[in-house]
$ cat coords_5.cif   # mmCIF, C-alpha atoms
data_input
#
loop_
_atom_site.label_atom_id
_atom_site.label_comp_id
_atom_site.auth_asym_id
_atom_site.auth_seq_id
_atom_site.Cartn_x
_atom_site.Cartn_y
_atom_site.Cartn_z
CA MET A 1 162.70 45.21 178.25
CA MET A 2 161.46 42.75 175.64
CA PRO A 3 163.30 43.16 172.31
CA MET A 4 161.71 42.09 169.02
CA THR A 5 164.36 39.36 168.62
CA ALA A 6 163.15 37.72 171.84
CA ILE A 7 159.54 37.86 170.64
CA VAL A 8 160.50 36.34 167.29
CA ALA A 9 162.59 33.65 169.02
CA LEU A 10 159.64 32.63 171.20
CA ALA A 11 157.35 32.73 168.16
CA VAL A 12 159.67 30.47 166.12
CA VAL A 13 160.09 27.93 168.93
CA THR A 14 156.35 27.92 169.58
CA TYR A 15 155.51 27.47 165.91
CA ALA A 16 158.02 24.63 165.64
CA PHE A 17 156.28 22.81 168.52
CA ARG A 18 152.95 23.37 166.77
CA LEU A 19 154.05 22.26 163.30
CA ALA A 20 156.03 19.21 164.46
CA GLY A 21 152.86 17.26 165.31
CA PRO A 22 151.17 17.57 161.90
CA LEU A 23 154.49 17.01 160.08
CA LEU A 24 155.44 13.91 162.04
CA ARG A 25 151.97 12.40 162.02
CA GLY A 26 152.10 8.63 161.70
CA ARG A 27 155.89 8.57 161.78
CA VAL A 28 156.45 9.09 165.47
CA THR A 29 154.75 8.30 168.73
CA VAL A 30 155.76 10.24 171.78
CA PRO A 31 156.47 7.90 174.70
CA ALA A 32 153.84 8.33 177.40
CA ALA A 33 156.60 9.10 179.91
CA ALA A 34 157.86 11.99 177.76
CA GLU A 35 154.35 13.39 177.41
CA ARG A 36 154.02 13.36 181.17
CA VAL A 37 157.32 15.21 181.51
CA PHE A 38 156.04 17.90 179.11
CA ALA A 39 152.73 18.17 180.94
CA ASP A 40 154.28 18.25 184.39
CA ALA A 41 157.01 20.72 183.41
CA ALA A 42 154.32 23.08 182.17
CA THR A 43 152.30 22.64 185.36
CA VAL A 44 155.31 23.16 187.64
CA LEU A 45 156.26 26.27 185.69
CA LEU A 46 152.74 27.71 185.78
CA ILE A 47 152.39 27.20 189.54
CA ALA A 48 155.89 28.54 190.23
CA LEU A 49 155.17 31.59 188.09
CA ALA A 50 151.80 32.08 189.77
CA ALA A 51 153.51 31.95 193.18
CA THR A 52 156.39 34.30 192.34
CA SER A 53 154.27 36.81 190.45
CA ALA A 54 151.64 36.76 193.20
CA LEU A 55 154.09 37.25 196.08
CA THR A 56 157.13 39.10 194.77
CA ALA A 57 158.08 42.19 192.83
CA GLY A 58 161.74 42.51 191.93
CA HIS A 59 163.61 40.73 194.73
CA GLY A 60 161.17 41.51 197.54
CA PHE A 61 157.65 41.01 198.86
CA VAL A 62 155.04 42.81 196.79
CA GLY A 63 152.60 43.65 199.59
CA TRP A 64 149.36 42.01 200.69
CA ALA A 65 146.82 43.30 198.17
CA ARG A 66 148.01 41.27 195.18
CA PRO A 67 148.43 37.89 196.92
CA ALA A 68 145.03 38.35 198.57
CA GLY A 69 143.37 38.90 195.19
CA VAL A 70 145.17 35.88 193.73
CA LEU A 71 144.18 33.74 196.71
CA VAL A 72 140.49 34.61 196.26
CA ALA A 73 140.81 33.87 192.54
CA GLY A 74 142.50 30.54 193.29
CA VAL A 75 139.70 29.49 195.65
CA LEU A 76 137.11 30.47 193.04
CA ALA A 77 139.00 28.56 190.34
CA ALA A 78 139.25 25.47 192.55
CA ARG A 79 135.48 25.71 193.08
CA ARG A 80 135.01 25.76 189.30
CA ALA A 81 133.84 29.33 189.05
CA PRO A 82 133.61 30.63 185.47
CA PHE A 83 136.93 31.88 184.15
CA PRO A 84 135.85 35.53 183.70
CA VAL A 85 134.70 35.56 187.34
CA VAL A 86 138.09 34.26 188.48
CA VAL A 87 139.98 36.96 186.57
CA LEU A 88 137.67 39.80 187.60
CA ALA A 89 137.74 38.66 191.25
CA ALA A 90 141.55 38.81 191.32
CA ALA A 91 141.56 42.37 189.98
CA GLY A 92 138.56 43.45 192.07
CA VAL A 93 139.81 42.22 195.43
CA THR A 94 143.28 43.66 194.83
CA ALA A 95 141.87 47.00 193.68
CA LEU A 96 139.52 47.26 196.70
CA LEU A 97 142.31 46.43 199.15
CA ARG A 98 144.53 49.11 197.58
CA LEU A 99 141.66 51.57 197.74
CA ALA A 100 141.49 50.76 201.46
CA GLY A 101 145.19 51.56 201.80
CA VAL A 102 146.67 48.04 201.80
CA PRO A 103 149.92 48.12 199.77
CA MET B 1 136.51 14.54 153.14
CA ARG B 2 133.36 16.56 153.50
CA TRP B 3 133.51 19.95 155.11
CA ARG B 4 130.88 21.07 157.52
CA LEU B 5 131.57 24.73 157.57
CA LEU B 6 129.95 25.60 160.85
CA PRO B 7 129.55 23.63 164.04
CA SER B 8 126.18 23.29 165.71
CA GLY B 9 124.56 26.22 167.51
CA ALA B 10 125.27 24.80 170.96
CA GLN B 11 128.91 24.39 170.05
CA LEU B 12 129.13 27.92 168.70
CA GLY B 13 127.76 29.07 172.06
CA ASP B 14 130.54 27.24 173.88
CA VAL B 15 133.14 28.72 171.56
CA ALA B 16 131.69 32.18 172.18
CA LEU B 17 131.93 31.69 175.97
CA VAL B 18 135.56 30.64 175.67
CA CYS B 19 136.26 33.64 173.44
CA LEU B 20 134.61 35.94 176.01
CA ALA B 21 136.75 34.52 178.82
CA ASP B 22 139.94 34.78 176.78
CA GLY B 23 138.93 38.28 175.69
CA ILE B 24 138.88 39.45 179.29
CA VAL B 25 142.34 37.98 179.77
CA GLY B 26 143.41 39.64 176.51
CA VAL B 27 142.32 43.08 177.68
CA SER B 28 144.05 42.50 181.00
CA PHE B 29 147.22 41.25 179.30
CA GLY B 30 147.41 44.25 176.98
CA ALA B 31 146.65 46.77 179.71
CA SER B 32 149.03 45.40 182.33
CA SER B 33 151.88 44.90 179.84
CA VAL B 34 151.71 48.56 178.90
CA GLY B 35 150.98 49.54 182.50
CA GLY B 36 154.13 47.67 183.55
CA GLY B 37 156.19 49.85 181.22
CA LEU B 38 156.53 47.77 178.05
CA ALA B 39 156.16 49.36 174.61
CA TRP B 40 152.70 48.97 173.03
CA TRP B 41 153.97 46.72 170.25
CA VAL B 42 155.36 44.08 172.64
CA PRO B 43 152.00 42.56 173.72
CA VAL B 44 150.63 43.09 170.20
CA ALA B 45 153.53 41.31 168.47
CA LEU B 46 153.45 38.50 171.03
CA SER B 47 149.73 37.98 170.47
CA VAL B 48 149.99 37.82 166.68
CA LEU B 49 153.24 35.85 166.41
CA VAL B 50 153.20 33.59 169.47
CA PHE B 51 149.42 33.34 169.99
CA ALA B 52 149.65 31.27 173.16
CA GLY B 53 148.20 33.21 176.07
CA GLY B 54 149.89 31.37 178.93
CA SER B 55 153.37 31.72 177.46
CA GLN B 56 152.77 35.37 176.53
CA ILE B 57 151.73 36.17 180.09
CA ALA B 58 154.66 34.16 181.44
CA ALA B 59 157.20 35.89 179.18
CA VAL B 60 155.91 39.35 180.01
CA GLY B 61 155.69 38.39 183.68
CA VAL B 62 159.36 37.39 183.72
CA VAL B 63 160.42 40.62 182.02
CA LEU B 64 158.24 42.84 184.21
CA GLY B 65 159.69 41.02 187.23
CA GLY B 66 163.13 42.17 186.11
CA GLY B 67 164.17 38.99 184.32
CA SER B 68 166.21 38.85 181.13
CA PRO B 69 164.59 38.34 177.69
CA VAL B 70 166.42 35.00 177.49
CA ALA B 71 164.73 33.78 180.67
CA ALA B 72 161.41 35.05 179.32
CA VAL B 73 161.81 33.11 176.08
CA LEU B 74 162.85 29.96 177.97
CA ALA B 75 159.86 30.14 180.30
CA GLY B 76 157.47 30.67 177.40
CA ALA B 77 159.08 27.88 175.37
CA VAL B 78 158.80 25.34 178.20
CA LEU B 79 155.12 26.17 178.62
CA ASN B 80 154.57 25.67 174.90
CA THR B 81 156.12 22.19 174.69
CA ARG B 82 152.60 20.89 175.28
CA LEU B 83 151.68 22.13 171.81
CA PHE B 84 153.73 19.26 170.35
CA PRO B 85 151.52 16.45 171.72
CA TYR B 86 148.50 18.63 170.88
CA GLY B 87 149.73 18.81 167.30
CA LEU B 88 149.96 15.03 167.13
CA ALA B 89 146.44 14.76 168.55
CA VAL B 90 144.86 17.01 165.91
CA ALA B 91 147.22 16.25 163.01
CA ASP B 92 144.33 14.81 160.95
CA VAL B 93 142.42 18.09 161.31
CA VAL B 94 145.31 20.27 160.17
CA GLU B 95 146.16 17.99 157.24
CA GLY B 96 145.98 19.25 153.68
CA PRO B 97 147.90 21.46 151.27
CA TRP B 98 150.58 23.70 152.75
CA TRP B 99 148.38 26.78 152.60
CA ARG B 100 146.00 25.05 154.99
CA ARG B 101 148.57 23.23 157.11
CA LEU B 102 150.80 26.22 157.88
CA PRO B 103 148.08 28.57 159.20
CA GLY B 104 146.29 25.59 160.76
CA ALA B 105 149.34 24.77 162.88
CA HIS B 106 149.40 28.34 164.18
CA LEU B 107 145.81 27.91 165.43
CA ILE B 108 146.71 24.94 167.68
CA THR B 109 145.79 26.11 171.17
CA ASP B 110 144.43 24.56 174.37
CA GLU B 111 140.96 25.66 173.35
CA SER B 112 140.87 24.70 169.65
CA VAL B 113 142.34 21.26 170.43
CA ALA B 114 139.82 20.71 173.21
CA PHE B 115 136.92 21.55 170.90
CA ALA B 116 138.29 19.33 168.13
CA MET B 117 138.72 16.42 170.53
CA ARG B 118 135.07 16.64 171.59
CA GLN B 119 134.09 15.55 168.08
CA SER B 120 134.72 12.19 166.46
CA ALA B 121 133.48 12.66 162.87
CA PRO B 122 136.33 14.08 160.73
CA GLY B 123 134.21 16.88 159.22
CA ARG B 124 132.99 17.99 162.61
CA ARG B 125 136.47 17.86 164.08
CA ARG B 126 137.65 20.20 161.33
CA ALA B 127 134.71 22.54 161.73
CA ALA B 128 135.17 22.73 165.50
CA PHE B 129 138.92 23.26 165.29
CA TRP B 130 138.87 25.93 162.59
CA THR B 131 135.89 27.83 163.96
CA CYS B 132 137.37 27.99 167.45
CA GLY B 133 140.89 28.66 166.19
CA VAL B 134 140.00 31.50 163.82
CA LEU B 135 137.52 33.18 166.18
CA LEU B 136 139.96 32.95 169.06
CA PHE B 137 142.76 34.45 166.97
CA VAL B 138 140.56 37.41 166.01
CA VAL B 139 139.15 37.93 169.52
CA TRP B 140 142.50 37.50 171.28
CA ASN B 141 144.34 40.02 169.10
CA ALA B 142 141.48 42.52 169.11
CA THR B 143 141.14 42.43 172.90
CA VAL B 144 144.89 42.69 173.48
CA LEU B 145 144.86 45.77 171.26
CA LEU B 146 141.92 47.15 173.25
CA GLY B 147 143.83 46.47 176.46
CA VAL B 148 146.89 48.28 175.12
CA ALA B 149 144.70 51.30 174.34
CA LEU B 150 143.12 51.23 177.80
CA GLY B 151 146.46 50.67 179.53
CA SER B 152 147.96 53.63 177.71
CA ALA B 153 145.03 55.85 178.66
CA VAL B 154 144.92 54.82 182.32
CA ARG B 155 147.97 55.99 184.20
CA ASN B 156 148.06 53.59 187.10
CA THR B 157 146.79 50.14 186.12
CA ASP B 158 147.85 48.80 189.54
CA ALA B 159 144.99 50.78 191.10
CA PHE B 160 142.62 48.50 189.17
CA GLY B 161 144.39 45.40 190.44
CA LEU B 162 145.32 44.32 186.92
CA ASP B 163 148.69 43.04 188.14
CA ALA B 164 146.80 40.36 190.10
CA THR B 165 145.23 38.95 186.95
CA PHE B 166 148.54 37.47 185.68
CA PRO B 167 149.09 35.09 188.60
CA ALA B 168 145.34 34.39 188.78
CA VAL B 169 145.28 33.25 185.15
CA MET B 170 148.35 31.05 185.68
CA LEU B 171 146.69 29.46 188.70
CA ALA B 172 143.39 28.88 186.90
CA LEU B 173 145.22 27.29 183.96
CA ALA B 174 147.32 25.01 186.17
CA LEU B 175 144.75 23.86 188.73
CA PRO B 176 142.93 21.37 186.44
CA ALA B 177 146.28 19.66 185.74
CA LEU B 178 146.95 18.98 189.43
CA THR B 179 145.19 15.65 189.26
CA SER B 180 147.80 13.29 190.64
CA ARG B 181 149.49 13.53 193.99
CA SER B 182 152.98 13.46 192.50
CA THR B 183 152.14 16.37 190.20
CA ARG B 184 150.83 18.36 193.15
CA VAL B 185 153.98 17.61 195.15
CA ALA B 186 156.19 18.66 192.24
CA ALA B 187 154.21 21.86 191.65
CA GLY B 188 154.23 22.77 195.34
CA THR B 189 157.95 22.07 195.64
CA GLY B 190 158.61 24.12 192.53
CA ALA B 191 156.64 27.06 193.88
CA VAL B 192 158.56 27.01 197.17
CA ILE B 193 161.90 26.79 195.33
CA ALA B 194 161.01 29.70 193.04
CA VAL B 195 159.74 32.00 195.80
CA ALA B 196 162.65 31.14 198.13
CA LEU B 197 165.26 31.88 195.44
CA THR B 198 163.66 35.11 194.19
CA PRO B 199 165.46 37.37 196.70
CA VAL B 200 168.89 35.93 195.88
CA LEU B 201 168.95 34.98 192.19
CA PRO B 202 168.62 37.22 189.11
CA ALA B 203 164.97 37.38 188.03
CA GLY B 204 163.85 34.58 185.75
CA LEU B 205 166.29 32.01 187.13
CA PRO B 206 164.16 31.04 190.17
CA LEU B 207 161.45 30.01 187.74
CA LEU B 208 163.77 27.71 185.83
CA ALA B 209 165.16 26.38 189.12
CA ALA B 210 161.60 25.36 189.98
CA LEU B 211 161.85 22.75 187.23
CA ALA B 212 164.25 20.89 189.52
CA ALA B 213 161.10 19.87 191.38
CA LEU B 214 160.41 17.54 188.45
CA GLY B 215 163.15 15.36 189.94
CA ALA B 216 160.83 14.68 192.85
CA ARG B 217 158.34 13.45 190.28
CA TRP B 218 160.72 10.96 188.69
CA ASN B 219 159.99 8.12 191.09
CA GLY B 220 156.33 8.72 190.44
CA TRP B 221 156.77 8.07 186.74
CA ARG B 222 158.80 4.97 187.24
CA GLY B 223 156.56 3.62 189.94
CA ARG B 224 153.46 3.89 187.84
CA ARG B 225 154.81 2.81 184.51
CA GLY B 226 153.26 -0.62 184.81
CA GLN B 227 149.72 0.52 185.40
CA ARG B 228 149.67 3.22 182.80
CA GLY B 229 149.52 2.22 179.20
CA GLN B 230 147.26 5.05 178.22
CA ARG B 231 148.07 8.42 176.80
CA ALA B 232 148.63 11.22 179.20
CA VAL B 233 148.37 14.36 177.13
CA ALA B 234 147.79 17.32 179.34
CA ARG B 235 144.09 17.98 179.21
CA PRO B 236 143.72 21.22 177.32
CA ALA B 237 143.01 23.76 180.00
CA LEU B 238 139.70 25.11 178.86
CA PRO B 239 138.41 28.10 180.69
CA ARG B 240 136.08 26.80 183.34
CA ASP B 241 132.77 28.11 182.10
CA SER B 242 132.82 25.72 179.20
CA GLU B 243 133.54 22.74 181.40
CA SER B 244 129.98 22.39 182.51
CA ALA B 245 129.14 21.42 178.96
CA VAL B 246 132.18 19.22 178.46
CA SER B 247 132.80 16.10 180.46
CA GLN B 248 136.35 15.24 181.37
CA GLU B 249 136.10 12.03 179.35
CA GLU B 250 135.14 13.89 176.21
CA LEU B 251 138.00 16.30 176.55
CA SER B 252 140.74 13.77 177.11
CA ALA B 253 139.73 11.61 174.20
CA GLY B 254 142.64 9.32 174.94
CA GLY B 255 141.40 8.72 178.47
CA LYS B 256 143.71 10.47 180.84
CA ARG B 257 142.47 8.98 184.05
#
$ encode --input "coords_5.cif" --output "structure tokens"
Amino acid sequence: MMPMTAIVALAVVTYAFRLAGPLLRGRVTVPAAAERVFADAATVLLIALAATSALTAGHGFVGWARPAGVLVAGVLAARRAPFPVVVLAAAGVTALLRLAGVP
Amino acid sequence: MRWRLLPSGAQLGDVALVCLADGIVGVSFGASSVGGGLAWWVPVALSVLVFAGGSQIAAVGVVLGGGSPVAAVLAGAVLNTRLFPYGLAVADVVEGPWWRRLPGAHLITDESVAFAMRQSAPGRRRAAFWTCGVLLFVVWNATVLLGVALGSAVRNTDAFGLDATFPAVMLALALPALTSRSTRVAAGTGAVIAVALTPVLPAGLPLLAALAALGARWNGWRGRRGQRGQRAVARPALPRDSESAVSQEELSAGGKR
């Protein structure tokens, strides 16, 4: 369930982050330490989300097909494969494993 | 300030490649959102109003995982904090009357900022930013809509492995940022925390608990304060295919490393 109010809330917060830079230009400098907190928080969140959405569904293990596809995609991404290849590999490997009967 | 309306041909090619990559993600996002059981207008509204792929995928991922809308908004909002330093970095490009500044701010993305930062001349910065921003907005929304149509037509999107594209995109976006050891430790710790807590906590909370791993990073910040006077804006995570044409130094105009 994703109500419209939640979408609008995320949109407003996101737009505020976007507009703050141009509005505050020249009047504020973000401390380097704070910028690193922003950057690292985003990275930690992305990796944590990648891990949970690759491995779990609801409160349990999702099965092997999805994490296998994500793993292949991760290796390709680390080897600087083009982005479309990474995405298609994740879907392709997972789909093939499911076709072969892996949950 | 003189306007150069269009960037060079080579640059347009790079923008097109990025749009192609994001388009594939857009189709996948639209299809798997609908395939996961969300109404068709949810991915569409997110794409028009939020227009930040990573946070859209994160928010939908939280909800499809059973999390509350509040957790979804929080996760998306944390991911989008990086848009604030981006906005400072390209403030000169977005400057102007309100009717240019307001839509310009909405076009601040990883990709448009990265393309703007590759240019130094003001006119070229503007041309690069606006071309990439506008094209990406059109392509992203069109492909999400296409994905919604496909996802509604195909009964079982899981059979096509589309559910694996969400985590794959997250991983591909985050990998380039894992440059320092302390960031890698924090990210790894966060992932373990989130996965370990998933069976016991309500969905969405394990993700926010992962942010506790930033505490492990604190000593890293303090320890390196002396040697780091330079800016450390997260390098905009360009899709990889454009990286061959863009050196790391060009992208992080402030000199990240």
$ residues_around --input "coords_5.cif" --residues "Ala77 of chain B" --least-positions-apart "4" --cutoff "12 Å" --atoms "only C-alpha atoms" --output "ChimeraX atom specification"
/A:6-18,38,41-42,45 /B:50,52,54-56,58-59,70-73,81-84,208
$ resolve_selection --input "coords_5.cif" --expression "the PyMOL selection byres ((chain A and resi 76-92) around 6)" --output "JSON, numbers by chain"
{"A": [69, 70, 73, 74, 75, 93, 94, 95], "B": [21, 161, 162, 164, 165, 172, 239, 240, 241]}
$ atom_distance --input "coords_5.cif" --atom1 "atom CA of Val192 of chain B" --atom2 "atom CA of Thr52 of chain A"
9.0 Å
$ resolve_selection --input "coords_5.cif" --expression "the PyMOL selection byres ((chain B and resi 37-40) around 8)" --output "MDAnalysis selection string"
(chainID A and resid 1:2) or (chainID B and resid 33:36 41:44 64 148)
$ resolve_selection --input "coords_5.cif" --expression "the PyMOL selection byres ((chain A and resi 47) around 10)" --output "tab-separated table (two decimals) with C-alpha atoms, in the coordinates of the input"
chain	number	residue	atom	x	y	z
A	42	ALA	CA	154.32	23.08	182.17
A	43	THR	CA	152.30	22.64	185.36
A	44	VAL	CA	155.31	23.16	187.64
A	45	LEU	CA	156.26	26.27	185.69
A	46	LEU	CA	152.74	27.71	185.78
A	48	ALA	CA	155.89	28.54	190.23
A	49	LEU	CA	155.17	31.59	188.09
A	50	ALA	CA	151.80	32.08	189.77
A	51	ALA	CA	153.51	31.95	193.18
A	52	THR	CA	156.39	34.30	192.34
A	53	SER	CA	154.27	36.81	190.45
B	167	PRO	CA	149.09	35.09	188.60
B	170	MET	CA	148.35	31.05	185.68
B	171	LEU	CA	146.69	29.46	188.70
B	172	ALA	CA	143.39	28.88	186.90
B	173	LEU	CA	145.22	27.29	183.96
B	174	ALA	CA	147.32	25.01	186.17
B	175	LEU	CA	144.75	23.86	188.73
B	178	LEU	CA	146.95	18.98	189.43
B	184	ARG	CA	150.83	18.36	193.15
B	186	ALA	CA	156.19	18.66	192.24
B	187	ALA	CA	154.21	21.86	191.65
B	188	GLY	CA	154.23	22.77	195.34
B	189	THR	CA	157.95	22.07	195.64
B	190	GLY	CA	158.61	24.12	192.53
B	191	ALA	CA	156.64	27.06	193.88
B	192	VAL	CA	158.56	27.01	197.17
B	194	ALA	CA	161.01	29.70	193.04
B	207	LEU	CA	161.45	30.01	187.74
B	210	ALA	CA	161.60	25.36	189.98
$ atom_distance --input "coords_5.cif" --atom1 "atom CA of Arg66 of chain A" --atom2 "atom CA of Ala54 of chain A"
6.1 Å
$ atom_distance --input "coords_5.cif" --atom1 "atom CA of Leu150 of chain B" --atom2 "atom CA of Ala31 of chain B"
6.0 Å
$ closest_residue --input "coords_5.cif" --among "A:Val62, A:Ala39, A:Val28, A:Ala68" --to "chain B" --atoms "all atoms listed in the file"
A:Ala39
$ closest_residue --input "coords_5.cif" --among "B:Gln11, B:Val78, B:Arg126, B:Ser120" --to "Glu95 of chain B" --atoms "only C-alpha atoms"
B:Arg126
$ residues_around --input "coords_5.cif" --residues "Leu145 of chain B" --least-positions-apart "4" --cutoff "8 Å" --atoms "only C-alpha atoms" --output "number ranges by chain"
B: 27, 30, 44, 141, 149
$ closest_residue --input "coords_5.cif" --among "B:Arg118, B:Arg124, B:Arg155, B:His106" --to "chain A" --atoms "only C-alpha atoms"
B:His106
$ build_atoms --input "coords_5.cif" --residues "segment 139-165 of chain B" --atoms "N, CA and C atoms" --output "PDB file, in the coordinates of the input"
ATOM      1  N   VAL B 139     139.552  37.347 168.234  1.00  0.00           N
ATOM      2  CA  VAL B 139     139.150  37.930 169.520  1.00  0.00           C
ATOM      3  C   VAL B 139     140.377  38.242 170.384  1.00  0.00           C
ATOM      4  N   TRP B 140     141.320  37.323 170.440  1.00  0.00           N
ATOM      5  CA  TRP B 140     142.500  37.500 171.280  1.00  0.00           C
ATOM      6  C   TRP B 140     143.276  38.748 170.869  1.00  0.00           C
ATOM      7  N   ASN B 141     143.537  38.875 169.565  1.00  0.00           N
ATOM      8  CA  ASN B 141     144.340  40.020 169.100  1.00  0.00           C
ATOM      9  C   ASN B 141     143.583  41.333 169.237  1.00  0.00           C
ATOM     10  N   ALA B 142     142.271  41.294 168.975  1.00  0.00           N
ATOM     11  CA  ALA B 142     141.480  42.520 169.110  1.00  0.00           C
ATOM     12  C   ALA B 142     141.441  42.981 170.559  1.00  0.00           C
ATOM     13  N   THR B 143     141.258  42.032 171.498  1.00  0.00           N
ATOM     14  CA  THR B 143     141.140  42.430 172.900  1.00  0.00           C
ATOM     15  C   THR B 143     142.483  42.855 173.479  1.00  0.00           C
ATOM     16  N   VAL B 144     143.576  42.248 173.015  1.00  0.00           N
ATOM     17  CA  VAL B 144     144.890  42.690 173.480  1.00  0.00           C
ATOM     18  C   VAL B 144     145.130  44.141 173.033  1.00  0.00           C
ATOM     19  N   LEU B 145     144.725  44.415 171.781  1.00  0.00           N
ATOM     20  CA  LEU B 145     144.860  45.770 171.260  1.00  0.00           C
ATOM     21  C   LEU B 145     144.018  46.744 172.080  1.00  0.00           C
ATOM     22  N   LEU B 146     142.798  46.328 172.410  1.00  0.00           N
ATOM     23  CA  LEU B 146     141.920  47.150 173.250  1.00  0.00           C
ATOM     24  C   LEU B 146     142.573  47.402 174.606  1.00  0.00           C
ATOM     25  N   GLY B 147     143.160  46.332 175.175  1.00  0.00           N
ATOM     26  CA  GLY B 147     143.830  46.470 176.460  1.00  0.00           C
ATOM     27  C   GLY B 147     145.000  47.429 176.402  1.00  0.00           C
ATOM     28  N   VAL B 148     145.755  47.365 175.296  1.00  0.00           N
ATOM     29  CA  VAL B 148     146.890  48.280 175.120  1.00  0.00           C
ATOM     30  C   VAL B 148     146.393  49.723 175.110  1.00  0.00           C
ATOM     31  N   ALA B 149     145.259  49.950 174.394  1.00  0.00           N
ATOM     32  CA  ALA B 149     144.700  51.300 174.340  1.00  0.00           C
ATOM     33  C   ALA B 149     144.260  51.763 175.730  1.00  0.00           C
ATOM     34  N   LEU B 150     143.574  50.879 176.450  1.00  0.00           N
ATOM     35  CA  LEU B 150     143.120  51.230 177.800  1.00  0.00           C
ATOM     36  C   LEU B 150     144.308  51.471 178.730  1.00  0.00           C
ATOM     37  N   GLY B 151     145.294  50.564 178.652  1.00  0.00           N
ATOM     38  CA  GLY B 151     146.460  50.670 179.530  1.00  0.00           C
ATOM     39  C   GLY B 151     147.254  51.939 179.283  1.00  0.00           C
ATOM     40  N   SER B 152     147.244  52.385 178.014  1.00  0.00           N
ATOM     41  CA  SER B 152     147.960  53.630 177.710  1.00  0.00           C
ATOM     42  C   SER B 152     147.190  54.833 178.213  1.00  0.00           C
ATOM     43  N   ALA B 153     145.848  54.720 178.227  1.00  0.00           N
ATOM     44  CA  ALA B 153     145.030  55.850 178.660  1.00  0.00           C
ATOM     45  C   ALA B 153     145.013  55.963 180.183  1.00  0.00           C
ATOM     46  N   VAL B 154     144.977  54.801 180.863  1.00  0.00           N
ATOM     47  CA  VAL B 154     144.920  54.820 182.320  1.00  0.00           C
ATOM     48  C   VAL B 154     146.347  54.863 182.872  1.00  0.00           C
ATOM     49  N   ARG B 155     146.619  55.831 183.711  1.00  0.00           N
ATOM     50  CA  ARG B 155     147.970  55.990 184.200  1.00  0.00           C
ATOM     51  C   ARG B 155     148.436  54.829 185.078  1.00  0.00           C
ATOM     52  N   ASN B 156     147.621  54.536 186.085  1.00  0.00           N
ATOM     53  CA  ASN B 156     148.060  53.590 187.100  1.00  0.00           C
ATOM     54  C   ASN B 156     147.193  52.332 187.053  1.00  0.00           C
ATOM     55  N   THR B 157     147.612  51.342 186.236  1.00  0.00           N
ATOM     56  CA  THR B 157     146.790  50.140 186.120  1.00  0.00           C
ATOM     57  C   THR B 157     146.802  49.318 187.407  1.00  0.00           C
ATOM     58  N   ASP B 158     147.807  49.523 188.266  1.00  0.00           N
ATOM     59  CA  ASP B 158     147.850  48.800 189.540  1.00  0.00           C
ATOM     60  C   ASP B 158     146.640  49.138 190.409  1.00  0.00           C
ATOM     61  N   ALA B 159     146.137  50.373 190.282  1.00  0.00           N
ATOM     62  CA  ALA B 159     144.990  50.780 191.100  1.00  0.00           C
ATOM     63  C   ALA B 159     143.776  49.908 190.784  1.00  0.00           C
ATOM     64  N   PHE B 160     143.734  49.354 189.554  1.00  0.00           N
ATOM     65  CA  PHE B 160     142.620  48.500 189.170  1.00  0.00           C
ATOM     66  C   PHE B 160     142.909  47.018 189.456  1.00  0.00           C
ATOM     67  N   GLY B 161     144.055  46.764 190.080  1.00  0.00           N
ATOM     68  CA  GLY B 161     144.390  45.400 190.440  1.00  0.00           C
ATOM     69  C   GLY B 161     144.750  44.514 189.260  1.00  0.00           C
ATOM     70  N   LEU B 162     145.063  45.132 188.118  1.00  0.00           N
ATOM     71  CA  LEU B 162     145.320  44.320 186.920  1.00  0.00           C
ATOM     72  C   LEU B 162     146.550  43.426 187.086  1.00  0.00           C
ATOM     73  N   ASP B 163     147.490  43.849 187.937  1.00  0.00           N
ATOM     74  CA  ASP B 163     148.690  43.040 188.140  1.00  0.00           C
ATOM     75  C   ASP B 163     148.351  41.696 188.803  1.00  0.00           C
ATOM     76  N   ALA B 164     147.192  41.621 189.457  1.00  0.00           N
ATOM     77  CA  ALA B 164     146.800  40.360 190.100  1.00  0.00           C
ATOM     78  C   ALA B 164     146.202  39.374 189.107  1.00  0.00           C
ATOM     79  N   THR B 165     145.852  39.862 187.909  1.00  0.00           N
ATOM     80  CA  THR B 165     145.230  38.950 186.950  1.00  0.00           C
ATOM     81  C   THR B 165     146.242  37.974 186.352  1.00  0.00           C
TER      82      THR B 165
END
